[in-house]
file upload16.cif (mmCIF, C-alpha atoms and all ligand atoms)
data_model
#
loop_
_atom_site.label_atom_id
_atom_site.label_comp_id
_atom_site.auth_asym_id
_atom_site.auth_seq_id
_atom_site.Cartn_x
_atom_site.Cartn_y
_atom_site.Cartn_z
CA MET A 287 -29.04 -41.20 7.70
CA PRO A 288 -32.59 -39.75 7.63
CA THR A 289 -34.60 -40.14 4.46
CA THR A 290 -35.72 -37.28 2.28
CA ASN A 291 -37.67 -36.76 -0.87
CA ALA A 292 -36.09 -34.05 -3.00
CA GLU A 293 -39.14 -34.04 -5.33
CA ASN A 294 -41.38 -32.63 -2.62
CA ASN A 295 -40.59 -30.71 0.56
CA GLY A 296 -38.02 -33.05 2.08
CA PRO A 297 -38.58 -33.45 5.83
CA TRP A 298 -41.28 -30.76 5.91
CA ASP A 299 -44.87 -31.92 6.05
CA ALA A 300 -46.17 -29.85 3.13
CA LYS A 301 -49.79 -30.09 4.31
CA LEU A 302 -49.10 -28.82 7.82
CA GLN A 303 -45.85 -26.87 7.90
CA GLN A 304 -44.40 -23.84 6.13
CA PHE A 305 -41.39 -24.85 4.00
CA HIS A 306 -37.98 -23.39 4.94
CA GLY A 307 -34.46 -24.05 3.67
CA GLY A 308 -31.55 -25.43 5.65
CA GLN A 309 -32.47 -29.12 5.81
CA ASP A 310 -30.56 -30.59 2.85
CA TRP A 311 -27.12 -30.70 4.47
CA ALA A 312 -28.04 -33.69 6.66
CA TYR A 313 -28.87 -35.83 3.62
CA LEU A 314 -25.72 -35.15 1.60
CA ASP A 315 -22.75 -37.56 1.90
CA ASN A 316 -20.59 -35.00 0.07
CA PHE A 317 -21.78 -31.92 2.00
CA VAL A 318 -19.41 -28.94 1.57
CA GLU A 319 -21.34 -25.79 2.55
CA ASP A 320 -24.93 -24.70 3.09
CA PHE A 321 -25.82 -21.93 0.63
CA SER A 322 -29.54 -22.43 1.34
CA VAL A 323 -29.66 -20.43 4.60
CA THR A 324 -29.00 -16.78 5.39
CA THR A 325 -26.60 -17.42 8.27
CA ASN A 326 -23.33 -15.55 8.80
CA ALA A 327 -20.49 -16.80 6.57
CA PHE A 328 -18.15 -16.71 9.58
CA GLY A 329 -20.04 -19.54 11.28
CA MET A 330 -20.73 -19.79 15.01
CA PRO A 331 -18.59 -17.28 16.94
CA GLU A 332 -15.98 -19.12 19.01
CA SER A 333 -16.90 -16.99 22.03
CA GLY A 334 -20.48 -18.27 21.92
CA LYS A 335 -19.52 -21.85 21.11
CA LEU A 336 -17.21 -22.05 24.13
CA ALA A 337 -19.78 -20.46 26.45
CA SER A 338 -22.51 -22.81 25.29
CA ILE A 339 -20.32 -25.91 25.64
CA GLU A 340 -19.37 -24.79 29.13
CA SER A 341 -23.05 -24.29 29.99
CA VAL A 342 -23.93 -27.91 29.23
CA GLN A 343 -22.53 -28.87 32.61
CA HIS A 344 -25.18 -26.72 34.30
CA SER A 345 -27.96 -28.10 32.17
CA HIS A 346 -29.26 -30.45 34.84
CA HIS A 347 -30.72 -27.25 36.38
CA TYR A 348 -33.66 -25.29 34.96
CA PRO A 349 -32.78 -22.17 32.98
CA PRO A 350 -33.40 -18.81 34.73
CA ALA A 351 -37.09 -17.88 34.50
CA ASP A 352 -36.19 -14.21 33.91
CA GLN A 353 -33.74 -15.06 31.06
CA GLU A 354 -30.99 -13.20 32.93
CA PRO A 355 -28.19 -12.22 32.59
CA ALA A 356 -28.54 -12.86 28.85
CA LYS A 357 -31.53 -10.55 28.49
CA THR A 358 -29.76 -7.56 30.03
CA SER A 359 -26.66 -8.34 27.95
CA LEU A 360 -28.75 -8.25 24.79
CA ALA A 361 -30.37 -4.99 25.97
CA ARG A 362 -26.88 -3.51 26.43
CA PHE A 363 -26.02 -4.59 22.88
CA LEU A 364 -29.18 -3.01 21.46
CA TRP A 365 -29.10 0.22 23.51
CA PRO A 366 -25.54 0.65 24.84
CA ALA A 367 -26.43 3.84 26.74
CA GLU A 368 -30.09 3.37 27.69
CA PHE A 369 -30.31 -0.37 28.28
CA GLU A 370 -31.57 -0.03 31.85
CA VAL A 371 -34.58 2.02 30.75
CA GLU A 372 -35.26 -0.06 27.64
CA ARG A 373 -34.84 -3.64 28.81
CA ASP A 374 -38.34 -3.94 30.26
CA ARG A 375 -39.68 -3.80 26.72
CA LEU A 376 -37.53 -6.76 25.65
CA ILE A 377 -38.22 -10.49 25.85
CA LEU A 378 -36.29 -13.46 24.44
CA GLY A 379 -37.79 -16.41 22.61
CA ASN A 380 -37.00 -19.86 21.29
CA GLY A 381 -36.09 -18.37 17.93
CA ALA A 382 -37.99 -15.42 16.50
CA SER A 383 -40.49 -18.01 15.27
CA GLU A 384 -41.88 -18.51 18.78
CA LEU A 385 -42.33 -14.77 19.28
CA ILE A 386 -43.88 -14.16 15.85
CA ASP A 387 -46.53 -16.68 16.79
CA LEU A 388 -47.04 -15.33 20.31
CA VAL A 389 -47.46 -11.72 19.23
CA ILE A 390 -49.89 -12.62 16.44
CA ARG A 391 -51.88 -14.77 18.87
CA MET A 392 -52.37 -11.84 21.24
CA ALA A 393 -53.10 -9.30 18.48
CA PRO A 394 -56.62 -7.90 18.04
CA ALA A 395 -58.67 -10.02 15.63
CA GLY A 396 -59.33 -8.74 12.11
CA THR A 397 -57.30 -8.36 8.95
CA TRP A 398 -53.64 -9.09 8.26
CA LYS A 399 -51.32 -7.83 5.54
CA PRO A 400 -47.66 -8.33 4.60
CA GLY A 401 -45.07 -5.71 3.63
CA PRO A 402 -45.04 -4.11 0.17
CA PHE A 403 -42.45 -6.41 -1.43
CA HIS A 404 -42.71 -9.15 -4.11
CA THR A 405 -42.76 -11.75 -1.31
CA GLN A 406 -41.50 -11.99 2.29
CA TYR A 407 -40.58 -14.50 5.00
CA LYS A 408 -43.69 -16.62 5.44
CA GLU A 409 -44.02 -17.36 9.16
CA TYR A 410 -46.06 -14.19 9.73
CA GLU A 411 -48.62 -15.28 7.18
CA ARG A 412 -48.69 -18.85 8.52
CA SER A 413 -49.40 -17.60 12.03
CA ALA A 414 -52.06 -15.13 10.82
CA ARG A 415 -53.77 -17.90 8.87
CA ASN A 416 -53.69 -20.26 11.88
CA ASN A 417 -55.21 -17.52 14.03
CA ASN A 418 -58.10 -16.85 11.63
CA PHE A 419 -57.07 -13.42 10.37
CA LYS A 420 -58.54 -12.34 7.04
CA LEU A 421 -55.51 -12.07 4.75
CA LEU A 422 -55.15 -8.97 2.57
CA PRO A 423 -52.73 -8.94 -0.39
CA ALA A 424 -49.57 -6.81 -0.23
CA GLU A 425 -50.97 -4.44 -2.85
CA SER A 426 -54.20 -3.76 -0.93
CA THR A 427 -54.63 -0.09 -0.07
CA ASP A 428 -56.72 -1.01 2.99
CA LYS A 429 -55.18 -0.62 6.41
CA ALA A 430 -54.98 -3.88 8.38
CA THR A 431 -55.46 -4.76 12.02
CA VAL A 432 -52.08 -6.47 11.92
CA ALA A 433 -49.39 -5.59 9.38
CA CYS A 434 -46.08 -7.46 9.24
CA LEU A 435 -43.10 -6.12 7.37
CA VAL A 436 -39.74 -7.87 7.04
CA ASN A 437 -37.04 -5.17 6.74
CA PRO A 438 -34.58 -5.92 5.20
CA CYS A 439 -36.84 -8.38 3.43
CA ASN A 440 -35.86 -12.02 3.32
CA PRO A 441 -35.73 -13.23 0.56
CA THR A 442 -36.09 -10.24 -1.84
CA GLY A 443 -33.39 -8.08 -0.23
CA ASP A 444 -35.57 -4.93 -0.33
CA TYR A 445 -34.99 -2.42 2.45
CA LEU A 446 -36.95 0.61 3.61
CA ASP A 447 -35.03 3.42 5.25
CA LEU A 448 -36.51 4.71 8.51
CA PRO A 449 -38.64 7.61 7.17
CA VAL A 450 -40.24 5.37 4.53
CA LEU A 451 -40.71 2.56 7.04
CA LYS A 452 -42.51 4.86 9.48
CA GLN A 453 -44.76 6.15 6.72
CA TRP A 454 -45.57 2.56 5.72
CA ILE A 455 -46.64 1.76 9.28
CA GLU A 456 -48.90 4.81 9.46
CA ASP A 457 -50.41 4.11 6.02
CA ASN A 458 -51.06 0.41 6.63
CA VAL A 459 -52.09 -0.17 10.26
CA LEU A 460 -55.55 0.59 11.64
CA PRO A 461 -55.82 2.57 14.88
CA GLY A 462 -55.61 0.08 17.74
CA GLY A 463 -53.74 -2.39 15.51
CA TYR A 464 -50.34 -4.06 15.58
CA ALA A 465 -47.28 -3.47 13.36
CA LEU A 466 -44.70 -6.23 13.48
CA VAL A 467 -41.43 -5.14 11.93
CA ASP A 468 -38.87 -7.88 11.49
CA GLU A 469 -35.37 -6.40 11.68
CA SER A 470 -33.52 -9.73 11.93
CA MET A 471 -31.28 -8.83 9.01
CA GLN A 472 -30.94 -5.12 9.87
CA PRO A 473 -27.88 -5.36 12.19
CA TRP A 474 -25.82 -6.44 9.13
CA HIS A 475 -26.25 -2.85 7.91
CA SER A 476 -23.05 -1.42 9.44
CA PRO A 477 -21.54 -0.50 12.81
CA GLU A 478 -24.14 2.31 12.81
CA PHE A 479 -27.07 -0.07 12.34
CA ARG A 480 -28.84 1.16 15.49
CA ASP A 481 -29.21 4.69 14.12
CA HIS A 482 -31.00 3.32 11.04
CA SER A 483 -33.25 0.98 12.99
CA LEU A 484 -36.56 1.17 14.83
CA ILE A 485 -34.49 0.23 17.91
CA SER A 486 -33.55 3.90 18.17
CA GLN A 487 -37.15 5.17 17.78
CA ARG A 488 -38.54 4.90 21.30
CA ASP A 489 -40.20 8.34 21.17
CA TYR A 490 -41.85 7.61 17.85
CA VAL A 491 -43.14 4.21 19.01
CA GLU A 492 -44.50 5.73 22.24
CA LYS A 493 -46.23 8.54 20.35
CA LEU A 494 -47.84 6.16 17.87
CA PHE A 495 -49.21 4.08 20.74
CA ARG A 496 -50.39 7.09 22.73
CA GLU A 497 -52.03 8.93 19.83
CA LYS A 498 -53.32 6.11 17.59
CA GLY A 499 -53.17 3.04 19.80
CA ILE A 500 -50.84 1.38 17.24
CA SER A 501 -48.47 -1.12 18.85
CA VAL A 502 -45.10 -1.49 17.09
CA PHE A 503 -43.13 -4.67 17.79
CA VAL A 504 -39.55 -5.05 16.55
CA MET A 505 -38.71 -8.69 15.96
CA HIS A 506 -35.19 -10.13 15.79
CA SER A 507 -34.04 -13.61 14.92
CA TRP A 508 -30.50 -13.94 16.27
CA THR A 509 -29.93 -17.29 14.60
CA LYS A 510 -28.63 -15.74 11.37
CA LEU A 511 -26.32 -12.95 12.55
CA TRP A 512 -24.66 -15.24 15.09
CA CYS A 513 -25.10 -18.40 13.02
CA CYS A 514 -26.87 -20.57 15.61
CA THR A 515 -30.05 -21.80 13.92
CA GLY A 516 -29.90 -25.06 15.88
CA LEU A 517 -29.79 -23.24 19.24
CA ARG A 518 -32.98 -21.18 18.61
CA LEU A 519 -32.66 -17.55 19.72
CA GLY A 520 -34.86 -14.55 19.04
CA SER A 521 -36.20 -11.46 20.75
CA VAL A 522 -38.94 -8.91 20.43
CA ILE A 523 -38.89 -5.28 21.49
CA CYS A 524 -42.41 -4.32 22.56
CA PRO A 525 -43.93 -0.85 22.43
CA THR A 526 -44.36 -0.82 26.22
CA ALA A 527 -43.40 -2.92 29.24
CA GLU A 528 -47.11 -3.88 29.55
CA HIS A 529 -47.00 -5.51 26.11
CA MET A 530 -43.86 -7.38 27.17
CA ARG A 531 -45.66 -8.67 30.25
CA ALA A 532 -48.60 -9.81 28.12
CA ILE A 533 -46.19 -11.94 26.06
CA LYS A 534 -44.50 -13.25 29.21
CA LYS A 535 -47.86 -14.40 30.51
CA LEU A 536 -48.54 -16.41 27.34
CA GLN A 537 -45.02 -17.79 26.85
CA VAL A 538 -44.27 -21.28 28.13
CA PRO A 539 -41.69 -21.18 30.94
CA TRP A 540 -38.00 -21.80 30.11
CA SER A 541 -38.61 -21.55 26.40
CA VAL A 542 -35.01 -20.36 25.90
CA ASN A 543 -32.71 -23.07 27.20
CA THR A 544 -29.53 -22.79 29.28
CA VAL A 545 -27.19 -23.40 26.33
CA ALA A 546 -28.82 -20.76 24.12
CA LEU A 547 -28.82 -18.18 26.94
CA ALA A 548 -25.10 -18.77 27.60
CA PHE A 549 -24.36 -18.42 23.90
CA LEU A 550 -26.23 -15.12 23.67
CA ASN A 551 -24.66 -13.75 26.80
CA ALA A 552 -21.21 -14.25 25.24
CA VAL A 553 -21.71 -13.23 21.61
CA VAL A 554 -23.21 -9.83 22.33
CA SER A 555 -19.81 -8.58 23.46
CA ASP A 556 -17.83 -10.25 20.65
CA ASP A 557 -17.02 -7.02 18.79
CA ALA A 558 -14.34 -8.64 16.60
CA TYR A 559 -16.89 -11.06 15.14
CA LEU A 560 -19.29 -8.30 14.12
CA HIS A 561 -16.54 -6.08 12.76
CA LYS A 562 -15.29 -8.78 10.42
CA THR A 563 -18.91 -9.41 9.40
CA TRP A 564 -19.49 -5.75 8.50
CA GLN A 565 -16.15 -5.60 6.71
CA MET A 566 -16.17 -8.80 4.65
CA ILE A 567 -19.78 -9.73 3.81
CA PRO A 568 -20.30 -6.87 1.29
CA VAL A 569 -16.95 -7.73 -0.35
CA TRP A 570 -17.72 -11.45 -0.69
CA ARG A 571 -21.25 -10.66 -1.84
CA ARG A 572 -19.98 -8.38 -4.61
CA GLN A 573 -17.35 -10.93 -5.70
CA THR A 574 -19.93 -13.73 -5.87
CA ILE A 575 -22.27 -11.60 -7.98
CA ASP A 576 -19.41 -10.65 -10.33
CA ARG A 577 -18.39 -14.29 -10.78
CA LEU A 578 -21.96 -15.44 -11.41
CA SER A 579 -22.68 -12.54 -13.79
CA GLU A 580 -19.77 -13.62 -15.97
CA LEU A 581 -21.22 -17.13 -16.27
CA PHE A 582 -24.86 -16.12 -16.48
CA PRO A 583 -25.22 -12.58 -17.89
CA GLU A 584 -29.03 -13.00 -18.05
CA TRP A 585 -29.40 -13.61 -14.27
CA LYS A 586 -30.60 -10.68 -12.14
CA PHE A 587 -29.20 -10.20 -8.64
CA HIS A 588 -31.33 -8.51 -5.99
CA GLY A 589 -30.77 -7.10 -2.52
CA ARG A 590 -28.81 -4.52 -0.58
CA SER A 591 -25.02 -4.79 -0.61
CA PHE A 592 -24.70 -5.55 3.14
CA LEU A 593 -26.98 -8.59 3.16
CA SER A 594 -25.93 -12.15 3.94
CA TRP A 595 -27.65 -13.57 0.87
CA ILE A 596 -28.33 -12.90 -2.81
CA TRP A 597 -31.80 -13.26 -4.32
CA VAL A 598 -31.32 -14.34 -7.92
CA ASP A 599 -33.82 -14.34 -10.75
CA THR A 600 -32.50 -16.79 -13.32
CA GLY A 601 -35.36 -15.79 -15.64
CA SER A 602 -36.27 -19.44 -16.28
CA GLU A 603 -37.81 -22.23 -14.22
CA ASP A 604 -35.63 -24.71 -16.04
CA ALA A 605 -32.40 -22.82 -15.29
CA ALA A 606 -33.34 -22.40 -11.63
CA GLN A 607 -34.09 -26.11 -11.25
CA LYS A 608 -30.84 -27.08 -12.98
CA ALA A 609 -28.87 -24.80 -10.66
CA ILE A 610 -30.62 -26.27 -7.61
CA ASP A 611 -29.98 -29.85 -8.73
CA LEU A 612 -26.32 -29.25 -9.65
CA ALA A 613 -25.59 -27.40 -6.41
CA ARG A 614 -27.21 -30.11 -4.34
CA ALA A 615 -25.32 -32.87 -6.18
CA ALA A 616 -22.04 -31.04 -5.46
CA GLY A 617 -22.81 -30.75 -1.73
CA VAL A 618 -23.50 -27.00 -1.82
CA PRO A 619 -27.33 -26.76 -1.57
CA VAL A 620 -29.03 -23.48 -2.49
CA ARG A 621 -32.57 -22.36 -1.68
CA SER A 622 -35.23 -22.74 -4.35
CA GLY A 623 -37.82 -19.98 -4.73
CA ARG A 624 -40.43 -22.59 -5.62
CA PRO A 625 -41.49 -24.19 -2.33
CA GLY A 626 -42.60 -21.57 0.15
CA TYR A 627 -42.41 -18.55 -2.13
CA SER A 628 -43.94 -19.99 -5.34
CA LEU A 629 -41.34 -18.15 -7.41
CA PRO A 630 -39.80 -20.97 -9.45
CA THR A 631 -37.39 -18.86 -11.51
CA PHE A 632 -35.68 -17.61 -8.33
CA ILE A 633 -32.92 -19.07 -6.18
CA ARG A 634 -31.42 -17.69 -2.96
CA LEU A 635 -27.71 -18.04 -2.24
CA ALA A 636 -25.93 -17.37 1.03
CA VAL A 637 -22.87 -15.14 0.96
CA ARG A 638 -19.86 -17.33 1.71
CA GLU A 639 -16.07 -17.08 1.67
CA PRO A 640 -14.44 -17.36 -1.80
CA GLU A 641 -13.17 -20.96 -1.35
CA LYS A 642 -16.72 -22.15 -0.69
CA VAL A 643 -18.00 -20.14 -3.64
CA ASP A 644 -15.43 -21.98 -5.83
CA ALA A 645 -17.34 -25.20 -5.14
CA LEU A 646 -20.67 -23.61 -6.06
CA ILE A 647 -19.31 -22.02 -9.23
CA GLY A 648 -17.62 -25.31 -10.16
CA ALA A 649 -21.00 -27.05 -9.92
CA LEU A 650 -22.92 -24.39 -11.84
CA LYS A 651 -20.41 -24.31 -14.73
CA ALA A 652 -22.02 -27.51 -16.01
CA MET A 653 -25.00 -25.34 -17.03
CA CYS A 654 -22.98 -23.13 -19.39
C1 LIG B 1 -36.60 -12.54 8.48
C2 LIG B 1 -36.66 -13.71 9.40
N1 LIG B 1 -37.33 -13.60 10.55
C3 LIG B 1 -37.43 -14.62 11.41
C4 LIG B 1 -36.85 -15.84 11.13
C5 LIG B 1 -37.03 -16.95 12.13
O1 LIG B 1 -35.86 -17.25 12.67
P1 LIG B 1 -35.62 -18.13 13.99
O2 LIG B 1 -36.89 -18.71 14.42
O3 LIG B 1 -34.60 -19.13 13.56
O4 LIG B 1 -35.06 -17.15 15.00
C6 LIG B 1 -36.15 -16.00 9.94
C7 LIG B 1 -35.53 -17.29 9.58
O5 LIG B 1 -35.15 -17.53 8.45
C8 LIG B 1 -36.04 -14.91 9.06
O6 LIG B 1 -35.39 -15.00 7.90
#

call {"tool": "encode", "arguments": {"input": "upload16.cif", "output": "structure tokens", "more": "lines below"}}
Ligand SMILES: Cc1ncc(COP(=O)(O)O)c(C=O)c1O
result
Amino acid sequence: MPTTNAENNGPWDAKLQQFHGGQDWAYLDNFVEDFSVTTNAFGMPESGKLASIESVQHSHHYPPADQEPAKTSLARFLWPAEFEVERDRLILGNGASELIDLVIRMAPAGTWKPGPFHTQYKEYERSARNNNFKLLPAESTDKATVACLVNPCNPTGDYLDLPVLKQWIEDNVLPGGYALVDESMQPWHSPEFRDHSLISQRDYVEKLFREKGISVFVMHSWTKLWCCTGLRLGSVICPTAEHMRAIKKLQVPWSVNTVALAFLNAVVSDDAYLHKTWQMIPVWRRQTIDRLSELFPEWKFHGRSFLSWIWVDTGSEDAAQKAIDLARAAGVPVRSGRPGYSLPTFIRLAVREPEKVDALIGALKAMC
């Protein structure tokens, strides 16, 4: 078994890497469920698992250099009617993380700012720092050369509806700059998620580029919705096909492997999986909040009802640490707000089925 040090950042090299959750499970002899990640409670879709296992037998060949047919299948999922027109703006990556870094590397030099929330997913900032951007705080009223907004925001659960999101882009990005909008968690919204997303805003994105030179990129990590963090799958929708080609030129060849492409190609047409996700996640989320509120009336629960996680302010560093330690000891690790977000009174919990929540609640009862 690998070694870890729970006092610091576990397997992460705190001096060089950005901390993320999702590593504890491998160090726990009594592991039950991972509450520290924002993945889908339904686990890997069987359709994708079977397709990826099947694809291993072709893995002595290189993956397709054009990412097909998976790329067109994802385009059909995103734009069921217009996928043939839209797919030239789309490119897949080895997780969204690869694409976040690529887009920020090719952005015009200057200033960088995050979205308007208390905190947000940190890879954007890490990449901006590595690429020598001058970092502006979220509350700065200055427009930035590159502005990155996570919507819905992991971990805070904040969400801007389309009109507010568009206004934020116009108020915060300099002419000629880049807006990166991370909609990884947006497809959880509902079966109508596309209508509420920048995916459906081709005309707006084109106009912004034509009139102000602002390039809007829509980033998706697919490793949460389809629960495949180990496979690494992401995509970015570029403002134009030329932007897509600029990314393609920078991207290392075959960055998305055969197994991940096969998985994606299958899951995009697994309607039953998404329908049960849209149906059950809000119910389980509500139930978990109700159960925790009974035990801990002082805790505050944040985030939109459709999200795959709950952002909890325990109000006390001591309480948060106790919850983290008890959950870990019971084999149900949760995410601390301390490393990465520097918010030590907060914890983040994945939404999970009630039987798994029993184990978490059982562990946390020792605090009462
Ligand atoms: C909002 C958001 N964007 C992007 C990512 C990166 O995901 P990946 O590189 O696994 O696709 C994550 C992972 O937690 C995330 O929460």

call {"tool": "residues_around", "arguments": {"input": "upload16.cif", "residues": "Pro441 of chain A", "least_positions_apart": "5", "cutoff": "8 Å", "atoms": "only C-alpha atoms", "output": "list of chain:residue names"}}
result
A:Thr405, A:Gln406, A:Tyr407, A:Trp597, A:Arg634

call {"tool": "residues_near_ligand", "arguments": {"input": "upload16.cif", "ligand": "ligand LIG 1 (chain B)", "cutoff": "8 Å", "atoms": "only C-alpha atoms and all ligand atoms", "output": "PyMOL selection string"}}
result
chain A and resi 306+323-324+380-384+386+406-407+409+436-441+468-471+505-510+515-516+518-520

call {"tool": "closest_residue", "arguments": {"input": "upload16.cif", "among": "A:Leu536, A:Met653, A:Ile596, A:Leu547", "to": "Ser345 of chain A", "atoms": "only C-alpha atoms"}}
result
A:Leu547

call {"tool": "closest_residue", "arguments": {"input": "upload16.cif", "among": "A:Ile533, A:Leu484, A:Val318, A:Leu422", "to": "Asn458 of chain A", "atoms": "all atoms listed in the file"}}
result
A:Leu422

call {"tool": "residues_near_point", "arguments": {"input": "upload16.cif", "point": "(-29.6, -15.8, -14.1)", "cutoff": "12 Å", "atoms": "only C-alpha atoms", "output": "PDB file with C-alpha atoms, in the frame of the given file"}}
result
ATOM      1  CA  ILE A 575     -22.270 -11.600  -7.980  1.00  0.00           C
ATOM      2  CA  ARG A 577     -18.390 -14.290 -10.780  1.00  0.00           C
ATOM      3  CA  LEU A 578     -21.960 -15.440 -11.410  1.00  0.00           C
ATOM      4  CA  SER A 579     -22.680 -12.540 -13.790  1.00  0.00           C
ATOM      5  CA  GLU A 580     -19.770 -13.620 -15.970  1.00  0.00           C
ATOM      6  CA  LEU A 581     -21.220 -17.130 -16.270  1.00  0.00           C
ATOM      7  CA  PHE A 582     -24.860 -16.120 -16.480  1.00  0.00           C
ATOM      8  CA  PRO A 583     -25.220 -12.580 -17.890  1.00  0.00           C
ATOM      9  CA  GLU A 584     -29.030 -13.000 -18.050  1.00  0.00           C
ATOM     10  CA  TRP A 585     -29.400 -13.610 -14.270  1.00  0.00           C
ATOM     11  CA  LYS A 586     -30.600 -10.680 -12.140  1.00  0.00           C
ATOM     12  CA  PHE A 587     -29.200 -10.200  -8.640  1.00  0.00           C
ATOM     13  CA  HIS A 588     -31.330  -8.510  -5.990  1.00  0.00           C
ATOM     14  CA  ILE A 596     -28.330 -12.900  -2.810  1.00  0.00           C
ATOM     15  CA  TRP A 597     -31.800 -13.260  -4.320  1.00  0.00           C
ATOM     16  CA  VAL A 598     -31.320 -14.340  -7.920  1.00  0.00           C
ATOM     17  CA  ASP A 599     -33.820 -14.340 -10.750  1.00  0.00           C
ATOM     18  CA  THR A 600     -32.500 -16.790 -13.320  1.00  0.00           C
ATOM     19  CA  GLY A 601     -35.360 -15.790 -15.640  1.00  0.00           C
ATOM     20  CA  SER A 602     -36.270 -19.440 -16.280  1.00  0.00           C
ATOM     21  CA  GLU A 603     -37.810 -22.230 -14.220  1.00  0.00           C
ATOM     22  CA  ASP A 604     -35.630 -24.710 -16.040  1.00  0.00           C
ATOM     23  CA  ALA A 605     -32.400 -22.820 -15.290  1.00  0.00           C
ATOM     24  CA  ALA A 606     -33.340 -22.400 -11.630  1.00  0.00           C
ATOM     25  CA  GLN A 607     -34.090 -26.110 -11.250  1.00  0.00           C
ATOM     26  CA  LYS A 608     -30.840 -27.080 -12.980  1.00  0.00           C
ATOM     27  CA  ALA A 609     -28.870 -24.800 -10.660  1.00  0.00           C
ATOM     28  CA  THR A 631     -37.390 -18.860 -11.510  1.00  0.00           C
ATOM     29  CA  PHE A 632     -35.680 -17.610  -8.330  1.00  0.00           C
ATOM     30  CA  ILE A 633     -32.920 -19.070  -6.180  1.00  0.00           C
ATOM     31  CA  ARG A 634     -31.420 -17.690  -2.960  1.00  0.00           C
ATOM     32  CA  LEU A 650     -22.920 -24.390 -11.840  1.00  0.00           C
ATOM     33  CA  MET A 653     -25.000 -25.340 -17.030  1.00  0.00           C
ATOM     34  CA  CYS A 654     -22.980 -23.130 -19.390  1.00  0.00           C
TER      35      CYS A 654
END

call {"tool": "residues_around", "arguments": {"input": "upload16.cif", "residues": "Asp374 of chain A", "least_positions_apart": "5", "cutoff": "8 Å", "atoms": "all atoms listed in the file", "output": "ChimeraX atom specification"}}
result
/A:526-527,530

call {"tool": "residues_around", "arguments": {"input": "upload16.cif", "residues": "segment 427-430 of chain A", "least_positions_apart": "2", "cutoff": "7 Å", "atoms": "only C-alpha atoms", "output": "list in words"}}
result
Thr397, Trp398, Lys399, Glu425, Val432, Ala433, Asp457, Asn458, Val459 and Leu460 of chain A

call {"tool": "atom_distance", "arguments": {"input": "upload16.cif", "atom1": "atom CA of Gly626 of chain A", "atom2": "atom CA of Phe305 of chain A"}}
result
5.2 Å
